[in-house]
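A quick write-up on the structure given underneath.
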Amino acid sequence: MHHAPLVIGGKTLAEASDGIGESRDPSTGEVIGTFARAGLTEVDQVVAAARHAFDNGPWTRMRPFERGRILRRIGELMLERRDDIARLESRDSGKPLRDAYWEVDCSARFFEYYAGVADKQHGTSIPLGRGIVDWTVKDAIGVSLQIIPWNYPFQLIARGVAPALTAGCAVVIKPASDTPLSAYEFLKICQEAGLPDGQVNLVNGRGSLIGDALARHRGVDQITFTGSVPTGQRVLEAAASHAIPCNMELGGKSPQILFADADMEKALPIIAGGFLTHAGQVCNAGTRLLVERKAHDDIVSRLHDHIRKINIGRALDDPDMGPVINAGHKAEVEGFYELAESEGQLLMGGNLPLEAGLAGGAFVRPALVTGISNTARIAREEVFGPILSVIPFDTAEEAVAIANDSDFGLVAGVHTASIDHAMHMAQDLRVGQVWVNSFGIGLDVEFPFGGYKLSGFGREKGLEAIGAYQQIKNVCVRFG
Ligand SMILES: NC(=O)c1ccc[n+]([C@@H]2O[C@H](COP(=O)([O-])OP(=O)(O)OC[C@H]3O[C@@H](n4cnc5c(N)ncnc54)[C@H](O)[C@@H]3O)[C@@H](O)[C@H]2O)c1
């Protein structure tokens, strides 16, 4: 049985003022771990520890290449422990084991990538004429609060913490209560790699209690929030109470646009992976398939054949699809299936695992919904489950109009053999990222990621992410 303590200023606290929480395996419903649940007392303590590390600790004063060496070591230790971390993450979050391995590998890539960036944070020199020298420096912004959701807990910690540390910040991590366990493995790795005490701190606990209190705390200088739109809006209000900047990584209802000229054999697994990965519990899941009308019946029949064969099972057995996060979310997803049935035709797939021991799991079946238009609720709301809404179009202009007719704007996929279609889509889609004949390419940490509209603002990953953790200071010197 795992236990995740709090880690505040380098000290490990097995107990906390809001008691002990439990974490369940979504594949079986079984309790697999406990965690110390922080309350308001620990909120003050953890912010004070991070502030102290930032204001007085060695990290911000260290030469950037030395910071880079420690960051690189964190990545190496992740890879050395990938088996243990992946198995823990697979059980805690319900994602198939190979996806949990990907999560650890991707987390290590964030640290490798930003380690190489640490000593390349140059300012600029601004010409103002003789007798004046003007330049800018990139200062660390201070204490960064990282609020993490339950779908990719380890990877999303790495995604935010690596650039924050690179910039010289101190960090407070607040994981989601459904997946509290792997964050402690991350903290242990940081300590072992030589990160100074207090530079990264961990508090598990209720979002509405400590998440809100942390976001309002005057000792926090910046927030990176990844989660749902309504919670993100509450966090923005809290941040506004002391006027601090935020990165908001919120939800999506991302389109995949399939033209009849696409290579259907190649497009099919990409489209399916786009809405089935982690049982659809992915912010950038491609859950709206916009298909050129003449290819509609063919792709629906191929996709239905595909999802019929989906093997659903216990995450650690590495099935095609594992469970959703918990029984409450299973009920929500099933509610969306009822909605889909009332709005269009529902085509189900997969075999539910009924063997003994899996009956308590939060399993749902993958589904397609056809016979709807883009005004249907099922085509507009984020389900966070494995359901694909299929909507026909006749022209490329109509495809763009339907794709953009959404409250969200995270990513889009385009499947076509025509360079004209691909370029037209890339120019006109109102999303943060356009994939052509692909939908994700693996360990992709190098390019920026983030949304338009209700999908949020600010960019994670790539060189763009570091800006969120820096202040630009201008220095102007007159001489002679
Ligand atoms: N855009 C991205 O990069 C990205 C990545 C992953 C997930 N997501 C989104 O996350 C959502 C699913 O995750 P979830 O259900 O954990 O999200 P959520 O919004 O319920 O919770 C996210 C985090 O916020 C905390 N929280 C809850 N109330 C809070 C409050 N009042 N103040 C501060 N913190 C609070 C939670 O404890 C958790 O740690 C989906 O909408 C998904 O699209 C987005």
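Chains: A, B, ... in order of the structure tokens. Residues: from 1 per chain. Ligands: from 1, in order shown.
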Item to complete: Determine, counting only C-alpha atoms, which protein, DNA and RNA residues have an atom within 10 Å of an atom of A:Lys138; residues of the same chain fewer than 5 positions away are not included. Present the result as a PyMOL selection string.
Response: chain A and resi 121-124+167-168+467+469-474
Practice prompt. Name the residues of stretch 280-340 of chain A that come out as alpha helix (DSSP H) in a backbone DSSP run; write them as a list in words.
Written response: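 Reading the DSSP output for stretch 280-340 of chain A, alpha helix (DSSP H) covers His296, Asp297, Asp298, Ile299, Val300, Ser301, Arg302, Leu303, His304, Asp305, His306, Ile307, Arg308, Ala327, Gly328, His329, Lys330, Ala331, Glu332, Val333, Glu334, Gly335, Phe336, Tyr337, Glu338, Leu339 and Ala340 of chain A.
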Using only C-alpha atoms, what does the table of stretch 99-160 of chain A residues within 12 Å of stretch 201-216 of chain A look like, with each row giving the shortest atom pair and its distance in Å to one decimal, sorted by chain and ascending number, as CSV?
residue,atom,partner,partner_atom,distance
A:Val143,CA,A:Asn201,CA,10.6
A:Ser144,CA,A:Ala215,CA,10.0
A:Leu145,CA,A:Ala215,CA,7.4
A:Gln146,CA,A:Ala215,CA,9.6
A:Ile147,CA,A:Gly211,CA,7.3
A:Ile148,CA,A:Gly207,CA,9.9
A:Pro149,CA,A:Gly207,CA,10.1
A:Trp150,CA,A:Gly207,CA,11.9
A:Ile157,CA,A:Leu202,CA,10.7
Item to complete: Kindly give the distance, in Å, that separates atom CA of A:Gly68 and atom CA of A:Asp139, rounded to a single decimal.
Response: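 Value for the atom CA of A:Gly68-atom CA of A:Asp139 distance: 16.3 Å.
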Which residues of chain A sit at most 7 Å from ligand 1, using only C-alpha atoms and all ligand atoms? Give each one's shortest atom pair and distance in Å (one decimal place), in chain and ascending residue order, as CSV.
residue,atom,partner,partner_atom_place_in_ligand_line,distance
A:Ile147,CA,ligand 1,39 (O),5.1
A:Ile148,CA,ligand 1,39 (O),4.5
A:Pro149,CA,ligand 1,16 (O),3.4
A:Trp150,CA,ligand 1,16 (O),4.6
A:Asn151,CA,ligand 1,6 (C),6.0
A:Tyr152,CA,ligand 1,6 (C),6.5
A:Lys174,CA,ligand 1,39 (O),5.8
A:Pro175,CA,ligand 1,39 (O),4.7
A:Ala176,CA,ligand 1,39 (O),3.5
A:Ser177,CA,ligand 1,37 (O),6.0
A:Arg206,CA,ligand 1,37 (O),5.5
A:Gly207,CA,ligand 1,37 (O),3.4
A:Ser208,CA,ligand 1,31 (N),4.0
A:Leu209,CA,ligand 1,31 (N),6.9
A:Gly211,CA,ligand 1,33 (C),3.5
A:Asp212,CA,ligand 1,32 (N),3.6
A:Ala215,CA,ligand 1,33 (C),6.3
A:Thr226,CA,ligand 1,44 (C),5.0
A:Gly227,CA,ligand 1,10 (O),3.0
A:Ser228,CA,ligand 1,41 (O),3.3
A:Val229,CA,ligand 1,41 (O),6.1
A:Pro230,CA,ligand 1,19 (O),6.7
A:Thr231,CA,ligand 1,19 (O),4.5
A:Gly232,CA,ligand 1,19 (O),6.3
A:Arg234,CA,ligand 1,31 (N),5.6
A:Val235,CA,ligand 1,32 (N),5.1
A:Glu249,CA,ligand 1,1 (N),3.7
A:Leu250,CA,ligand 1,1 (N),4.2
A:Gly251,CA,ligand 1,43 (O),3.1
A:Gly252,CA,ligand 1,43 (O),5.6
A:Val282,CA,ligand 1,6 (C),5.9
A:Cys283,CA,ligand 1,43 (O),3.4
A:Asn284,CA,ligand 1,1 (N),6.8
A:Phe384,CA,ligand 1,40 (C),6.7
A:Gly450,CA,ligand 1,1 (N),6.3
A:Gly451,CA,ligand 1,1 (N),6.9
A:Ser455,CA,ligand 1,1 (N),6.4
Discussion item. Residues within 9 Å of A:Arg24, please, as a list of chain:residue names. Count only C-alpha atoms; anything in the same chain fewer than 5 positions from it doesn't count.
Written reply: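 The neighbour list is A:Gly29, A:Glu30, A:Val31, A:Ile32, A:Gly33, A:Thr34, A:Arg91, A:Asp92, A:Ser93, A:Asp178, A:Thr179, A:Asn326.
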Worksheet, complete the sentence: The residue from A:Met264, A:Val411, A:Cys246, A:Val445 with the smallest atom-to-atom distance to A:Leu303, counting only C-alpha atoms, is A:Met264
Worksheet item: What lies within 12 Å of A:Ala376 using only C-alpha atoms, ignoring chain neighbours under 4 positions off, as a list in words?
Response: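 With the cut-off at 12 Å, the set is Arg288, Phe336, Leu339, Ala340, Glu341, Ser342, Glu343, Gly344, Val369, Thr370, Gly371, Ile372, Arg380, Glu381, Ser389, Val390, Ile391, Asp405 and Ser406 of chain A.
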Just-selected residues, C-alpha atoms written as an mmCIF file, in the first residue's frame:
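Generated output (out-v6.cif):
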data_model
loop_
_atom_site.group_PDB
_atom_site.id
_atom_site.type_symbol
_atom_site.label_atom_id
_atom_site.label_comp_id
_atom_site.auth_asym_id
_atom_site.auth_seq_id
_atom_site.Cartn_x
_atom_site.Cartn_y
_atom_site.Cartn_z
ATOM 1 C CA ARG A 288 -15.780 15.353 -33.293
ATOM 2 C CA PHE A 336 -23.894 11.384 -22.223
ATOM 3 C CA LEU A 339 -28.165 12.088 -24.400
ATOM 4 C CA ALA A 340 -26.487 10.877 -27.629
ATOM 5 C CA GLU A 341 -29.222 8.285 -28.132
ATOM 6 C CA SER A 342 -31.889 10.963 -27.793
ATOM 7 C CA GLU A 343 -30.079 13.252 -30.245
ATOM 8 C CA GLY A 344 -28.892 10.717 -32.886
ATOM 9 C CA VAL A 369 -22.891 8.826 -32.535
ATOM 10 C CA THR A 370 -24.203 9.553 -36.039
ATOM 11 C CA GLY A 371 -27.229 11.382 -37.450
ATOM 12 C CA ILE A 372 -26.464 14.577 -35.512
ATOM 13 C CA ARG A 380 -20.571 20.631 -28.211
ATOM 14 C CA GLU A 381 -19.876 19.490 -24.639
ATOM 15 C CA SER A 389 -19.642 12.486 -32.726
ATOM 16 C CA VAL A 390 -19.679 12.025 -36.526
ATOM 17 C CA ILE A 391 -20.858 15.016 -38.587
ATOM 18 C CA ASP A 405 -18.264 26.584 -34.354
ATOM 19 C CA SER A 406 -17.242 25.488 -30.862
#
Discussion item. Between A:Ala367, A:Val291, A:Val220, A:Ala16, which residue has the minimum interatomic distance to A:Ala403, considering only C-alpha atoms?
Written reply: A:Val291
Practice prompt. Choose the residue, out of A:Val434, A:Ala379, A:Leu358, A:Val400, that has the smallest atom-to-atom separation from A:Ser27; count only C-alpha atoms.
Written response: A:Leu358
Discussion item. Set the distance at 10 Å and use only C-alpha atoms: which residues neighbour A:Leu388 once local chain neighbours fewer than 5 positions away are removed? I'd like the list as a PyMOL selection string.
Written reply: chain A and resi 255+271-272+274-276+280+285-289+303+346-347+366-370+378-379+383
Fill in: Which of A:Ala267, A:Leu77, A:Ala465, A:Ala158 sits closest to A:Arg302 [using only C-alpha atoms]
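Of A:Ala267, A:Leu77, A:Ala465, A:Ala158, the one nearest A:Arg302, counting only C-alpha atoms, is A:Ala267.
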Which stretch 18-104 of chain A residues have any atom within 6 Å of an atom of stretch 314-322 of chain A, and for each, what is the nearest pair of atoms with distance in Å to one decimal, counting only C-alpha atoms, rows sorted by chain and number, as a Markdown table?
| residue | atom | partner | partner_atom | distance |
| --- | --- | --- | --- | --- |
| A:Ser27 | CA | A:Arg314 | CA | 5.1 |
| A:Ser90 | CA | A:Ala315 | CA | 5.9 |
| A:Gly94 | CA | A:Ala315 | CA | 5.2 |
| A:Lys95 | CA | A:Ala315 | CA | 5.4 |
| A:Pro96 | CA | A:Ala315 | CA | 4.3 |
| A:Leu97 | CA | A:Asp318 | CA | 4.9 |
Practice prompt. Considering only C-alpha atoms, state which residue in the set A:Gly116, A:Thr136, A:Phe439, A:Trp102 is at the smallest distance from A:Pro269.
Written response: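 For A:Pro269, the nearest of the candidates is A:Phe439.
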Item to complete: Skip A:Asn247 itself and residues of its chain fewer than 3 positions away, then list as an MDAnalysis selection string all residues within 9 Å of it, counting only C-alpha atoms.
Response: chainID A and resid 222:226 456:460 468
Can I get the selected residues back with C-alpha atoms, as a tab-separated table (two decimals), in the first residue's frame?
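That gives us part_11.tsv:
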chain	number	residue	atom	x	y	z
A	222	GLN	CA	1.98	32.74	-10.69
A	223	ILE	CA	-0.45	29.85	-11.32
A	224	THR	CA	-0.39	27.11	-13.92
A	225	PHE	CA	-3.78	25.43	-13.85
A	226	THR	CA	-4.70	22.35	-15.89
A	456	GLY	CA	-7.47	28.45	-22.14
A	457	PHE	CA	-4.49	30.71	-22.69
A	458	GLY	CA	-0.74	30.66	-22.30
A	459	ARG	CA	1.45	27.97	-23.82
A	460	GLU	CA	2.98	24.85	-22.30
A	468	ALA	CA	5.22	32.23	-18.05
Fill in: Close residues, stretch 7-13 of chain A itself excluded, 10 Å, only C-alpha atoms, min 5 positions apart in chain, as a PyMOL selection string
chain A and resi 36+38+42-43+45-53+172-173+184+187-188+191+195-204
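The closest residue to A:Cys106, picked from A:His424, A:Arg63, A:His296, A:Arg82 and counting only C-alpha atoms, is A:Arg82.
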Worksheet item: DSSP on the backbone: what in stretch 27-122 of chain A comes out strand (DSSP E), as a list in words?
Response: Val31, Ile32, Gly33, Thr34, Phe35 and Ala36 of chain A
